[in-house]
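What follows is the content of coords28.txt, which has compact mmCIF, C-alpha atoms and all ligand atoms:
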```txt
# COMPACT_ATOMS: atom_id res chain seq x y z
CA MET A 1 65.97 -53.41 7.38
CA ASN A 2 62.24 -53.80 6.77
CA ARG A 3 60.44 -53.45 10.03
CA ARG A 4 56.82 -54.47 10.27
CA ILE A 5 54.30 -54.69 13.06
CA LEU A 6 50.90 -56.31 13.21
CA LEU A 7 48.60 -53.77 14.85
CA ILE A 8 45.41 -55.03 16.47
CA ILE A 9 42.97 -52.20 17.11
CA GLY A 10 40.50 -53.09 19.84
CA GLY A 11 37.12 -51.54 20.50
CA GLY A 12 37.48 -48.54 22.76
CA ILE A 13 37.29 -44.79 22.50
CA ALA A 14 41.12 -44.79 22.45
CA ALA A 15 40.98 -46.45 19.02
CA TYR A 16 41.17 -42.98 17.46
CA LYS A 17 44.69 -42.73 18.91
CA ALA A 18 45.63 -45.87 16.97
CA LEU A 19 45.26 -43.79 13.80
CA GLU A 20 47.84 -41.33 15.07
CA LEU A 21 50.04 -44.28 16.08
CA ILE A 22 49.94 -45.65 12.51
CA ARG A 23 50.91 -42.22 11.18
CA LEU A 24 53.88 -41.97 13.57
CA LEU A 25 55.06 -45.49 12.74
CA LYS A 26 54.87 -44.93 9.01
CA ARG A 27 56.91 -41.78 9.44
CA ARG A 28 59.56 -43.86 11.20
CA GLY A 29 59.63 -46.33 8.34
CA ILE A 30 57.77 -49.05 10.21
CA ALA A 31 55.20 -50.92 8.10
CA VAL A 32 51.85 -51.68 9.73
CA THR A 33 49.58 -54.63 8.99
CA PRO A 34 46.30 -53.53 10.55
CA VAL A 35 43.70 -55.74 12.18
CA LEU A 36 40.47 -54.07 13.21
CA THR A 37 38.22 -55.93 15.61
CA GLN A 38 34.46 -55.71 15.14
CA ALA A 39 34.25 -53.52 18.23
CA GLY A 40 37.18 -51.43 16.99
CA ALA A 41 35.26 -50.78 13.77
CA GLN A 42 32.58 -49.06 15.87
CA PHE A 43 35.10 -46.36 16.78
CA VAL A 44 37.27 -45.95 13.68
CA THR A 45 36.49 -46.83 10.11
CA GLU A 46 38.23 -49.43 8.04
CA MET A 47 38.69 -46.74 5.40
CA SER A 48 40.75 -44.45 7.68
CA VAL A 49 42.92 -47.32 8.91
CA ALA A 50 43.57 -48.59 5.38
CA ALA A 51 44.35 -45.11 4.09
CA LEU A 52 46.83 -44.33 6.86
CA ALA A 53 48.51 -47.75 6.87
CA GLY A 54 48.49 -47.99 3.08
CA GLU A 55 47.58 -51.63 3.60
CA LYS A 56 44.59 -53.92 3.55
CA VAL A 57 42.73 -54.10 6.86
CA HIS A 58 42.07 -57.58 8.23
CA GLY A 59 38.98 -58.09 10.29
CA ASP A 60 37.35 -61.40 9.71
CA LEU A 61 38.55 -64.80 10.91
CA PHE A 62 36.56 -66.60 8.25
CA SER A 63 37.46 -64.61 5.18
CA ILE A 64 37.98 -66.77 2.12
CA THR A 65 39.98 -64.06 0.37
CA ASP A 66 42.30 -63.69 3.35
CA GLU A 67 42.82 -67.40 3.77
CA THR A 68 43.66 -67.90 0.12
CA GLN A 69 46.09 -64.99 0.11
CA MET A 70 47.65 -65.34 3.55
CA GLY A 71 46.28 -67.61 6.26
CA HIS A 72 45.75 -66.21 9.74
CA ILE A 73 48.63 -68.26 11.16
CA GLU A 74 50.98 -66.77 8.63
CA LEU A 75 49.54 -63.31 9.25
CA SER A 76 50.34 -63.65 12.95
CA ARG A 77 53.97 -64.39 12.18
CA ALA A 78 54.75 -62.21 9.19
CA ALA A 79 55.44 -59.18 11.41
CA ASP A 80 58.36 -58.64 13.80
CA LEU A 81 56.12 -57.57 16.64
CA VAL A 82 52.42 -57.77 17.49
CA VAL A 83 50.96 -54.62 19.04
CA VAL A 84 47.50 -54.36 20.60
CA ALA A 85 46.34 -50.75 20.89
CA PRO A 86 43.97 -50.18 22.44
CA ALA A 87 44.10 -53.43 24.40
CA THR A 88 40.61 -53.60 25.86
CA ALA A 89 39.66 -55.57 28.99
CA ASP A 90 37.95 -58.03 26.65
CA LEU A 91 41.00 -58.58 24.44
CA MET A 92 43.25 -58.98 27.48
CA ALA A 93 40.86 -61.53 28.97
CA LYS A 94 40.70 -63.49 25.74
CA ALA A 95 44.47 -63.50 25.35
CA ALA A 96 45.01 -64.49 28.98
CA ALA A 97 42.58 -67.36 28.61
CA GLY A 98 44.02 -68.44 25.26
CA LEU A 99 40.72 -68.04 23.43
CA ALA A 100 40.63 -67.99 19.66
CA SER A 101 37.11 -66.74 19.09
CA ASP A 102 37.81 -64.01 16.55
CA LEU A 103 40.66 -62.92 14.30
CA ALA A 104 42.41 -60.75 16.94
CA SER A 105 42.45 -63.42 19.66
CA THR A 106 43.38 -66.12 17.15
CA LEU A 107 46.36 -64.08 15.98
CA LEU A 108 47.48 -63.53 19.58
CA LEU A 109 47.29 -67.26 20.22
CA ALA A 110 49.02 -68.24 16.98
CA THR A 111 51.89 -65.78 16.99
CA ASP A 112 55.47 -66.65 17.82
CA LYS A 113 56.49 -62.98 17.95
CA PRO A 114 56.78 -60.67 20.95
CA VAL A 115 53.53 -58.95 21.93
CA LEU A 116 53.13 -55.41 23.22
CA MET A 117 49.81 -54.29 24.68
CA ALA A 118 48.67 -50.73 25.34
CA PRO A 119 45.67 -51.18 27.63
CA ALA A 120 42.82 -48.72 27.62
CA MET A 121 39.65 -49.06 29.67
CA ASN A 122 37.52 -47.55 32.35
CA VAL A 123 39.37 -47.26 35.67
CA ARG A 124 37.00 -49.66 37.47
CA MET A 125 37.53 -52.25 34.74
CA TRP A 126 41.29 -51.77 34.99
CA GLU A 127 41.22 -52.22 38.74
CA HIS A 128 38.84 -55.17 38.73
CA ALA A 129 40.30 -58.38 40.16
CA ALA A 130 39.64 -60.17 36.87
CA THR A 131 41.74 -57.67 34.89
CA ARG A 132 44.49 -57.81 37.56
CA ARG A 133 44.53 -61.58 37.16
CA ASN A 134 44.66 -61.37 33.39
CA LEU A 135 47.44 -58.80 33.51
CA ALA A 136 49.53 -61.02 35.80
CA GLN A 137 48.91 -64.02 33.54
CA LEU A 138 49.84 -62.13 30.39
CA ARG A 139 53.00 -60.79 32.02
CA ALA A 140 53.94 -64.32 33.06
CA ASP A 141 53.35 -65.39 29.44
CA GLY A 142 55.91 -62.81 28.32
CA VAL A 143 53.57 -60.06 27.05
CA ARG A 144 54.92 -56.52 27.46
CA PHE A 145 52.82 -53.53 28.44
CA THR A 146 52.97 -49.83 27.89
CA GLY A 147 50.63 -47.74 30.03
CA PRO A 148 47.87 -47.22 30.90
CA GLU A 149 48.32 -43.69 32.11
CA SER A 150 46.35 -41.89 34.77
CA GLY A 151 44.19 -38.92 34.04
CA GLU A 152 40.76 -37.82 33.03
CA MET A 153 39.03 -40.42 30.96
CA ALA A 154 36.53 -40.14 28.17
CA CYS A 155 33.85 -41.51 30.49
CA GLY A 156 34.42 -38.61 32.90
CA GLU A 157 36.13 -40.66 35.62
CA PHE A 158 39.65 -40.16 36.87
CA GLY A 159 42.43 -42.72 37.37
CA PRO A 160 44.55 -45.24 35.51
CA GLY A 161 43.06 -46.59 32.32
CA ARG A 162 43.93 -44.05 29.64
CA MET A 163 45.87 -45.50 26.77
CA ALA A 164 49.51 -44.41 26.58
CA GLU A 165 50.09 -41.57 24.13
CA PRO A 166 50.87 -42.64 20.54
CA GLU A 167 54.38 -41.14 20.82
CA THR A 168 55.08 -43.30 23.88
CA ILE A 169 53.78 -46.44 22.18
CA ALA A 170 55.72 -45.68 18.98
CA ALA A 171 58.94 -45.19 20.98
CA GLU A 172 58.37 -48.47 22.79
CA ILE A 173 57.73 -50.25 19.48
CA GLU A 174 60.90 -48.85 18.03
CA THR A 175 62.93 -49.99 21.04
CA LEU A 176 61.52 -53.49 20.77
CA LEU A 177 62.09 -53.69 17.01
CA ASP A 178 65.64 -52.41 17.28
CA ALA A 179 66.54 -55.03 19.87
CA PRO A 180 65.68 -58.25 18.04
CA GLY A 181 66.90 -60.30 20.97
CA ALA A 182 64.77 -58.15 23.27
CA LEU A 183 63.85 -60.25 26.23
CA PRO A 184 60.26 -60.94 27.11
CA GLU A 185 59.26 -60.05 30.64
CA GLY A 186 58.74 -63.03 32.85
CA PRO A 187 59.60 -64.73 36.11
CA LEU A 188 63.30 -64.79 35.18
CA SER A 189 63.54 -61.14 34.09
CA GLY A 190 66.77 -59.62 35.33
CA ARG A 191 68.31 -63.05 35.94
CA LYS A 192 71.39 -64.43 34.26
CA VAL A 193 71.28 -68.14 33.45
CA VAL A 194 74.35 -70.08 32.32
CA ILE A 195 73.75 -73.49 30.72
CA THR A 196 76.18 -76.09 29.43
CA ALA A 197 74.96 -78.42 26.70
CA GLY A 198 76.05 -81.04 24.22
CA PRO A 199 78.99 -83.41 24.27
CA THR A 200 82.64 -82.44 24.41
CA HIS A 201 85.16 -83.55 21.82
CA GLU A 202 88.51 -84.60 23.23
CA PRO A 203 91.13 -84.67 20.48
CA ILE A 204 93.29 -87.70 19.80
CA ASP A 205 95.03 -85.96 16.92
CA PRO A 206 93.96 -83.08 14.65
CA VAL A 207 91.29 -85.19 12.95
CA ARG A 208 90.16 -87.75 15.53
CA TYR A 209 88.45 -87.28 18.84
CA ILE A 210 86.68 -89.03 21.71
CA ALA A 211 83.02 -88.05 22.03
CA ASN A 212 79.63 -89.32 23.22
CA ARG A 213 76.09 -89.50 21.90
CA SER A 214 74.70 -86.35 23.54
CA SER A 215 72.60 -84.33 21.06
CA GLY A 216 72.47 -81.18 23.20
CA ARG A 217 68.69 -81.06 22.79
CA GLN A 218 67.78 -80.93 26.46
CA GLY A 219 70.27 -78.14 27.18
CA TYR A 220 69.12 -76.13 24.14
CA ALA A 221 65.49 -76.59 25.16
CA LEU A 222 66.33 -75.32 28.64
CA ALA A 223 68.06 -72.30 27.17
CA GLY A 224 64.99 -71.51 25.05
CA ALA A 225 62.65 -71.90 28.01
CA ALA A 226 64.81 -69.63 30.20
CA ARG A 227 64.90 -67.00 27.44
CA ASP A 228 61.13 -67.14 27.05
CA MET A 229 60.81 -66.51 30.77
CA GLY A 230 62.85 -63.32 30.49
CA ALA A 231 66.33 -64.51 31.49
CA ARG A 232 69.58 -63.43 29.90
CA VAL A 233 70.91 -66.79 28.77
CA VAL A 234 74.47 -67.83 28.02
CA LEU A 235 74.71 -71.26 26.46
CA VAL A 236 78.16 -72.85 26.60
CA SER A 237 77.78 -75.50 23.95
CA GLY A 238 79.87 -78.42 22.86
CA PRO A 239 79.74 -79.42 19.16
CA VAL A 240 76.11 -80.12 18.20
CA SER A 241 74.11 -79.94 15.01
CA LEU A 242 71.33 -77.75 16.40
CA PRO A 243 70.47 -74.27 15.11
CA VAL A 244 71.66 -71.33 17.21
CA PRO A 245 68.54 -70.23 19.10
CA PRO A 246 67.59 -66.55 18.73
CA GLY A 247 68.01 -64.28 21.73
CA ILE A 248 70.60 -66.52 23.38
CA GLU A 249 74.33 -65.95 23.57
CA VAL A 250 76.03 -69.15 22.45
CA ILE A 251 79.68 -69.77 23.31
CA PRO A 252 80.90 -72.71 21.21
CA VAL A 253 83.57 -74.91 22.80
CA GLU A 254 85.03 -78.32 21.98
CA ARG A 255 86.97 -79.68 24.94
CA ALA A 256 85.97 -79.98 28.61
CA GLU A 257 88.79 -77.67 29.65
CA GLU A 258 87.52 -75.01 27.25
CA MET A 259 84.01 -75.51 28.59
CA LEU A 260 85.17 -74.98 32.16
CA ALA A 261 87.10 -71.83 31.21
CA ALA A 262 84.06 -70.42 29.37
CA VAL A 263 81.74 -71.18 32.31
CA LYS A 264 84.11 -69.56 34.81
CA GLU A 265 84.24 -66.46 32.61
CA GLU A 266 80.44 -66.19 32.89
CA MET A 267 80.34 -66.30 36.68
CA PRO A 268 78.67 -64.90 38.68
CA CYS A 269 75.17 -65.75 37.56
CA ASP A 270 71.82 -66.53 39.17
CA LEU A 271 71.30 -70.00 37.85
CA ALA A 272 73.92 -72.42 36.52
CA ILE A 273 72.60 -75.53 34.80
CA PHE A 274 74.99 -78.26 33.72
CA ALA A 275 73.30 -80.29 31.03
CA ALA A 276 76.42 -81.08 29.01
CA ALA A 277 77.64 -84.65 28.69
CA VAL A 278 81.23 -83.77 29.46
CA ALA A 279 83.77 -86.46 28.58
CA ASP A 280 85.26 -87.84 31.76
CA TRP A 281 88.66 -88.31 30.21
CA ARG A 282 90.80 -86.64 27.64
CA VAL A 283 93.81 -87.93 25.81
CA LYS A 284 96.71 -86.82 27.94
CA GLU A 285 98.77 -85.64 25.01
CA ALA A 286 96.93 -85.30 21.74
CA ALA A 287 99.22 -85.85 18.74
CA ALA A 288 100.19 -82.71 16.86
CA GLY A 289 99.95 -84.47 13.49
CA LYS A 290 97.54 -87.07 12.19
CA LEU A 291 98.47 -90.52 13.55
CA LYS A 292 99.53 -92.91 10.81
CA LYS A 293 97.59 -96.12 10.35
CA GLN A 294 100.79 -97.91 9.36
CA ALA A 295 102.23 -97.20 12.82
CA GLY A 296 99.64 -99.59 14.29
CA PRO A 297 96.93 -98.85 16.90
CA PRO A 298 98.09 -96.05 19.19
CA ARG A 299 98.31 -96.47 22.94
CA LEU A 300 96.17 -93.66 24.26
CA GLU A 301 97.00 -92.45 27.73
CA LEU A 302 93.94 -90.79 29.27
CA ALA A 303 93.80 -88.08 31.92
CA PRO A 304 90.72 -87.07 33.93
CA ASN A 305 88.87 -83.96 32.79
CA PRO A 306 87.91 -81.24 35.26
CA ASP A 307 84.41 -81.67 36.68
CA ILE A 308 82.74 -78.42 35.69
CA LEU A 309 79.61 -78.87 37.80
CA ALA A 310 81.63 -79.78 40.91
CA THR A 311 84.00 -76.85 40.37
CA ILE A 312 81.13 -74.34 40.26
CA GLY A 313 79.06 -76.23 42.87
CA LYS A 314 81.83 -75.87 45.40
CA MET A 315 82.39 -72.20 44.75
CA LYS A 316 81.27 -69.77 47.40
CA ARG A 317 77.51 -70.06 47.28
CA HIS A 318 76.12 -66.62 46.85
CA ARG A 319 76.00 -66.40 43.17
CA PRO A 320 75.25 -68.63 41.37
CA ALA A 321 72.36 -68.87 43.76
CA LEU A 322 71.36 -72.25 42.35
CA VAL A 323 73.50 -74.94 40.77
CA ILE A 324 71.72 -77.71 38.89
CA GLY A 325 73.24 -80.90 37.51
CA PHE A 326 72.03 -83.84 35.47
CA ALA A 327 72.68 -87.49 36.09
CA ALA A 328 72.31 -89.73 33.10
CA GLU A 329 72.56 -93.32 34.28
CA THR A 330 71.77 -96.77 33.04
CA GLU A 331 71.46 -98.31 36.53
CA ASP A 332 71.04 -97.30 40.20
CA LEU A 333 69.64 -94.01 38.97
CA LEU A 334 68.45 -92.45 42.21
CA ALA A 335 71.31 -93.66 44.39
CA GLN A 336 73.80 -92.22 41.90
CA ALA A 337 71.87 -88.96 41.72
CA ARG A 338 71.88 -88.58 45.52
CA ARG A 339 75.59 -89.26 45.63
CA LYS A 340 76.22 -86.62 42.95
CA LEU A 341 74.02 -84.08 44.71
CA ALA A 342 76.31 -84.21 47.74
CA ALA A 343 79.61 -84.83 45.97
CA LYS A 344 79.24 -81.99 43.49
CA GLY A 345 77.62 -79.43 45.79
CA ALA A 346 74.50 -79.12 43.61
CA ASP A 347 71.09 -77.87 44.75
CA MET A 348 69.30 -80.28 42.46
CA ILE A 349 70.20 -83.23 40.28
CA VAL A 350 67.87 -83.99 37.40
CA ALA A 351 68.20 -87.73 37.04
CA ASN A 352 67.31 -89.58 33.86
CA ASP A 353 67.55 -93.14 32.69
CA VAL A 354 69.61 -93.31 29.51
CA SER A 355 69.66 -97.07 29.07
CA PRO A 356 69.40 -97.86 25.34
CA GLU A 357 65.76 -98.98 25.67
CA SER A 358 64.80 -95.56 27.16
CA GLY A 359 65.65 -93.84 23.85
CA VAL A 360 66.58 -90.66 25.75
CA PHE A 361 70.05 -90.07 24.35
CA GLY A 362 69.61 -88.27 21.07
CA GLY A 363 65.82 -88.70 21.23
CA ALA A 364 63.03 -86.14 21.62
CA HIS A 365 61.67 -87.38 24.97
CA ASN A 366 62.92 -87.52 28.49
CA GLN A 367 61.72 -88.90 31.79
CA VAL A 368 63.27 -87.19 34.76
CA HIS A 369 63.36 -87.38 38.54
CA LEU A 370 64.22 -84.26 40.53
CA VAL A 371 66.56 -85.10 43.37
CA THR A 372 67.10 -82.45 46.05
CA ALA A 373 68.10 -82.54 49.71
CA GLN A 374 64.33 -82.65 50.43
CA GLY A 375 63.66 -85.82 48.47
CA VAL A 376 62.78 -87.13 45.04
CA GLU A 377 60.05 -86.00 42.67
CA ASP A 378 59.21 -88.29 39.75
CA TRP A 379 57.97 -86.67 36.55
CA PRO A 380 56.13 -88.50 33.77
CA ARG A 381 57.69 -89.00 30.34
CA MET A 382 57.44 -85.79 28.31
CA ASP A 383 59.13 -84.27 25.31
CA LYS A 384 62.32 -82.37 26.04
CA ALA A 385 60.72 -78.96 25.44
CA GLN A 386 58.05 -79.73 28.06
CA VAL A 387 60.64 -80.95 30.54
CA ALA A 388 62.57 -77.73 29.90
CA ARG A 389 59.57 -75.48 30.45
CA ARG A 390 58.44 -77.19 33.63
CA LEU A 391 61.93 -77.35 34.98
CA MET A 392 62.60 -73.67 34.35
CA GLU A 393 59.30 -72.75 36.02
CA ARG A 394 60.30 -74.84 38.98
CA LEU A 395 63.77 -73.28 39.15
CA ALA A 396 62.34 -69.75 38.88
CA ARG A 397 60.22 -70.50 41.97
CA MET A 398 63.20 -71.99 43.81
CA LEU A 399 65.20 -68.90 42.96
CA ALA A 400 62.47 -66.58 44.20
CA ASP A 401 62.19 -68.57 47.43
CA ALA A 402 65.95 -68.64 47.95
CA GLN A 403 66.24 -64.86 48.03
O1 LIG A 501 79.52 -87.52 37.17
P1 LIG A 501 78.62 -87.37 35.99
O2 LIG A 501 79.35 -87.09 34.71
O3 LIG A 501 77.63 -88.46 35.83
O4 LIG A 501 77.74 -86.09 36.37
C1 LIG A 501 76.85 -85.53 35.51
C2 LIG A 501 76.66 -84.06 35.80
O5 LIG A 501 77.92 -83.43 36.03
C3 LIG A 501 76.04 -83.35 34.65
O6 LIG A 501 75.31 -82.25 35.17
C4 LIG A 501 77.26 -82.89 33.86
O7 LIG A 501 76.96 -81.77 33.04
C5 LIG A 501 78.22 -82.53 34.97
N1 LIG A 501 79.63 -82.75 34.62
C6 LIG A 501 80.47 -81.67 34.45
N2 LIG A 501 81.80 -81.86 34.18
C7 LIG A 501 82.30 -83.10 34.07
C8 LIG A 501 81.45 -84.21 34.24
C9 LIG A 501 80.13 -84.00 34.49
O8 LIG A 501 80.00 -80.52 34.53
N3 LIG A 501 83.58 -83.27 33.80
```
Please render this file's structure as C-alpha cells.
Amino acid sequence: MNRRILLIIGGGIAAYKALELIRLLKRRGIAVTPVLTQAGAQFVTEMSVAALAGEKVHGDLFSITDETQMGHIELSRAADLVVVAPATADLMAKAAAGLASDLASTLLLATDKPVLMAPAMNVRMWEHAATRRNLAQLRADGVRFTGPESGEMACGEFGPGRMAEPETIAAEIETLLDAPGALPEGPLSGRKVVITAGPTHEPIDPVRYIANRSSGRQGYALAGAARDMGARVVLVSGPVSLPVPPGIEVIPVERAEEMLAAVKEEMPCDLAIFAAAVADWRVKEAAAGKLKKQAGPPRLELAPNPDILATIGKMKRHRPALVIGFAAETEDLLAQARRKLAAKGADMIVANDVSPESGVFGGAHNQVHLVTAQGVEDWPRMDKAQVARRLMERLARMLADAQ
C-alpha cells in the first residue's frame, strides 16, 4: 500500500527536527509531500527538505507552476494524512480560526484528511489563554496532537513546548496511517453510537416486497457527523443506494425483524438514534415461490412489525444513555411527536413534516423540531448534513450533561 503524508513545516527552531522526521518516514516507506512555510524556510532550507523527501517542496499559495500541475485543493487531499511539524502558535491560531492566508493554512482548511499536529513553541506562548483556546477548538474540530514535551527549550526556558521527538511523531503517523478508519478526537470520543437508517423491505414473495420512500440520507448524514466527532458508529441500514461511508461499521438488513435483531446485538451503547423508516407491517407469511399473475391478485395478510425504537426505549435506561427517535408526519406533527416521546420511551423525538410539498422524503433538505420532555425547539430548514451536524453536537452535550 502506498502511504503518503503531507508535511507542513512551520517556522520554529524545531523545524530542524522535521528533517529527521522525513528521514525516518522515508525509511518506513512513507512518502512525504513537503510544504515549507515562509517562516519555516528561515530555519531549514528548501534544498535540504527536497533532498531528504526526494520530492518538490511547495511553499507558495500563488504559484502558477503548482496550480497548473496540481492545485492546492488537490494537494491537500492527495495524501492520507496531513502532519504539521512543528505546529507553531501562529499556524495553530490560523487553523483554529479557519484562515486561508498562505499555502499552509489554505491546505489545512481545504483538506478532508485527518490532521496531526506536533506543537512547538515557547512555554509562555503554549500556556497563553489564546493558545489554550485554539488547542481546544482544534481538538473539537477533530485535529490530533502529539506533544509538546516538557524540558529545556532552545530559548533557555523550561516547561512544556518542546516538539515531540521525531521517533514519537513517526510512530504516531504510522499508527494513524495503518488504521484508515482511525477516529478523530472529538466530543464523542470513546462513545458508541448506534443508528438505524433507510427503509425496510418486507417480502411478499422472493421477488416482491413492501417498502417506502425513505432514502436513508438523514441517517447516513448522522452517522458521518457522529464519526467526525470521534464516535464509534454502527449503522444498521435498510436497503439504500448510498455509498458505504468510510470509518463506519455498516450492518445491512432488509426486514424490520432483522433490523431489531441487529440493533439488539449492538446494545449496550451510549447513543441510539432511530432514523429508519421501518415498515409498520409485514406480510404475515411471505410466499416461498414467486406468486403467479394468472392466480389473480393475492390476498395479503399483514402482521405488525416490532417497534425497534420502543423496544430499546423501554429497556433499562442506563445504557443506551440516550434514545432518539424521529417522527415523520404529514399532519398534527408536534402532537404526534409528543405522543411518541412518551409512548416509545425516547429522550427526544426529532419531528419533521414529510407532506409531499415539503420535499423532505428523498430530498436533500429537512426542517426539524426537537421535542423533549422540556418542550419544543424549532429549527430552520437546512440541508440534511447540517441538520446532522447540529443534532450530533446537541446530543453530545446532552450526553455529557446526563453523566
Ligand atoms: O411510530 P412511527 O413509525 O411514526 O415512529 C417513528 C420512529 O420510530 C422513528 O424513530 C422510527 O425509526 C422508529 N420506529 C422503529 N420501529 C418501528 C417503527 C418506527 O424503530 N417498527
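The residue that comes closest to Asn122 (chain A), out of A:Gly12, A:Pro187, A:Gly29, A:Gly71 and on the basis of only C-alpha atoms, is A:Gly12.
The shortest atom-to-atom distance to ligand LIG 501 (chain A), with all atoms listed in the file taken into account, belongs to A:Ala272 out of A:Ala18, A:Ile13, A:Val84, A:Ala272.
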Within 7 Å of ligand LIG 501 (chain A) (all atoms listed in the file), residues as a count of residues only: 21
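Taking CA of Ser355 (chain A) and CA of Val250 (chain A) as endpoints, the distance between them is 29.4 Å.
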Nearby residues (all atoms listed in the file) at most 12 Å from Ala288 (chain A), same-chain spacing under 6 positions excluded, as a ChimeraX atom specification: /A:203-208
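Residues with any atom within 10 Å of Leu177 (chain A), counting all atoms listed in the file and excluding same-chain neighbours fewer than 6 positions away, are Arg3, Arg4, Ile5, Ile30, Asp80, Leu81, Pro114 and Ala171 of chain A.
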Emit the selected residues as a PDB file, in the frame of the given file, including C-alpha atoms.
```pdb
ATOM      1  CA  ARG A   3      60.440 -53.450  10.030  1.00  0.00           C
ATOM      2  CA  ARG A   4      56.820 -54.470  10.270  1.00  0.00           C
ATOM      3  CA  ILE A   5      54.300 -54.690  13.060  1.00  0.00           C
ATOM      4  CA  ILE A  30      57.770 -49.050  10.210  1.00  0.00           C
ATOM      5  CA  ASP A  80      58.360 -58.640  13.800  1.00  0.00           C
ATOM      6  CA  LEU A  81      56.120 -57.570  16.640  1.00  0.00           C
ATOM      7  CA  PRO A 114      56.780 -60.670  20.950  1.00  0.00           C
ATOM      8  CA  ALA A 171      58.940 -45.190  20.980  1.00  0.00           C
TER       9      ALA A 171
END
```
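Comparing A:Glu254, A:Glu149, A:Asp178, A:Asp353 by their smallest distance to Pro199 (chain A), the closest is A:Glu254 (using only C-alpha atoms).
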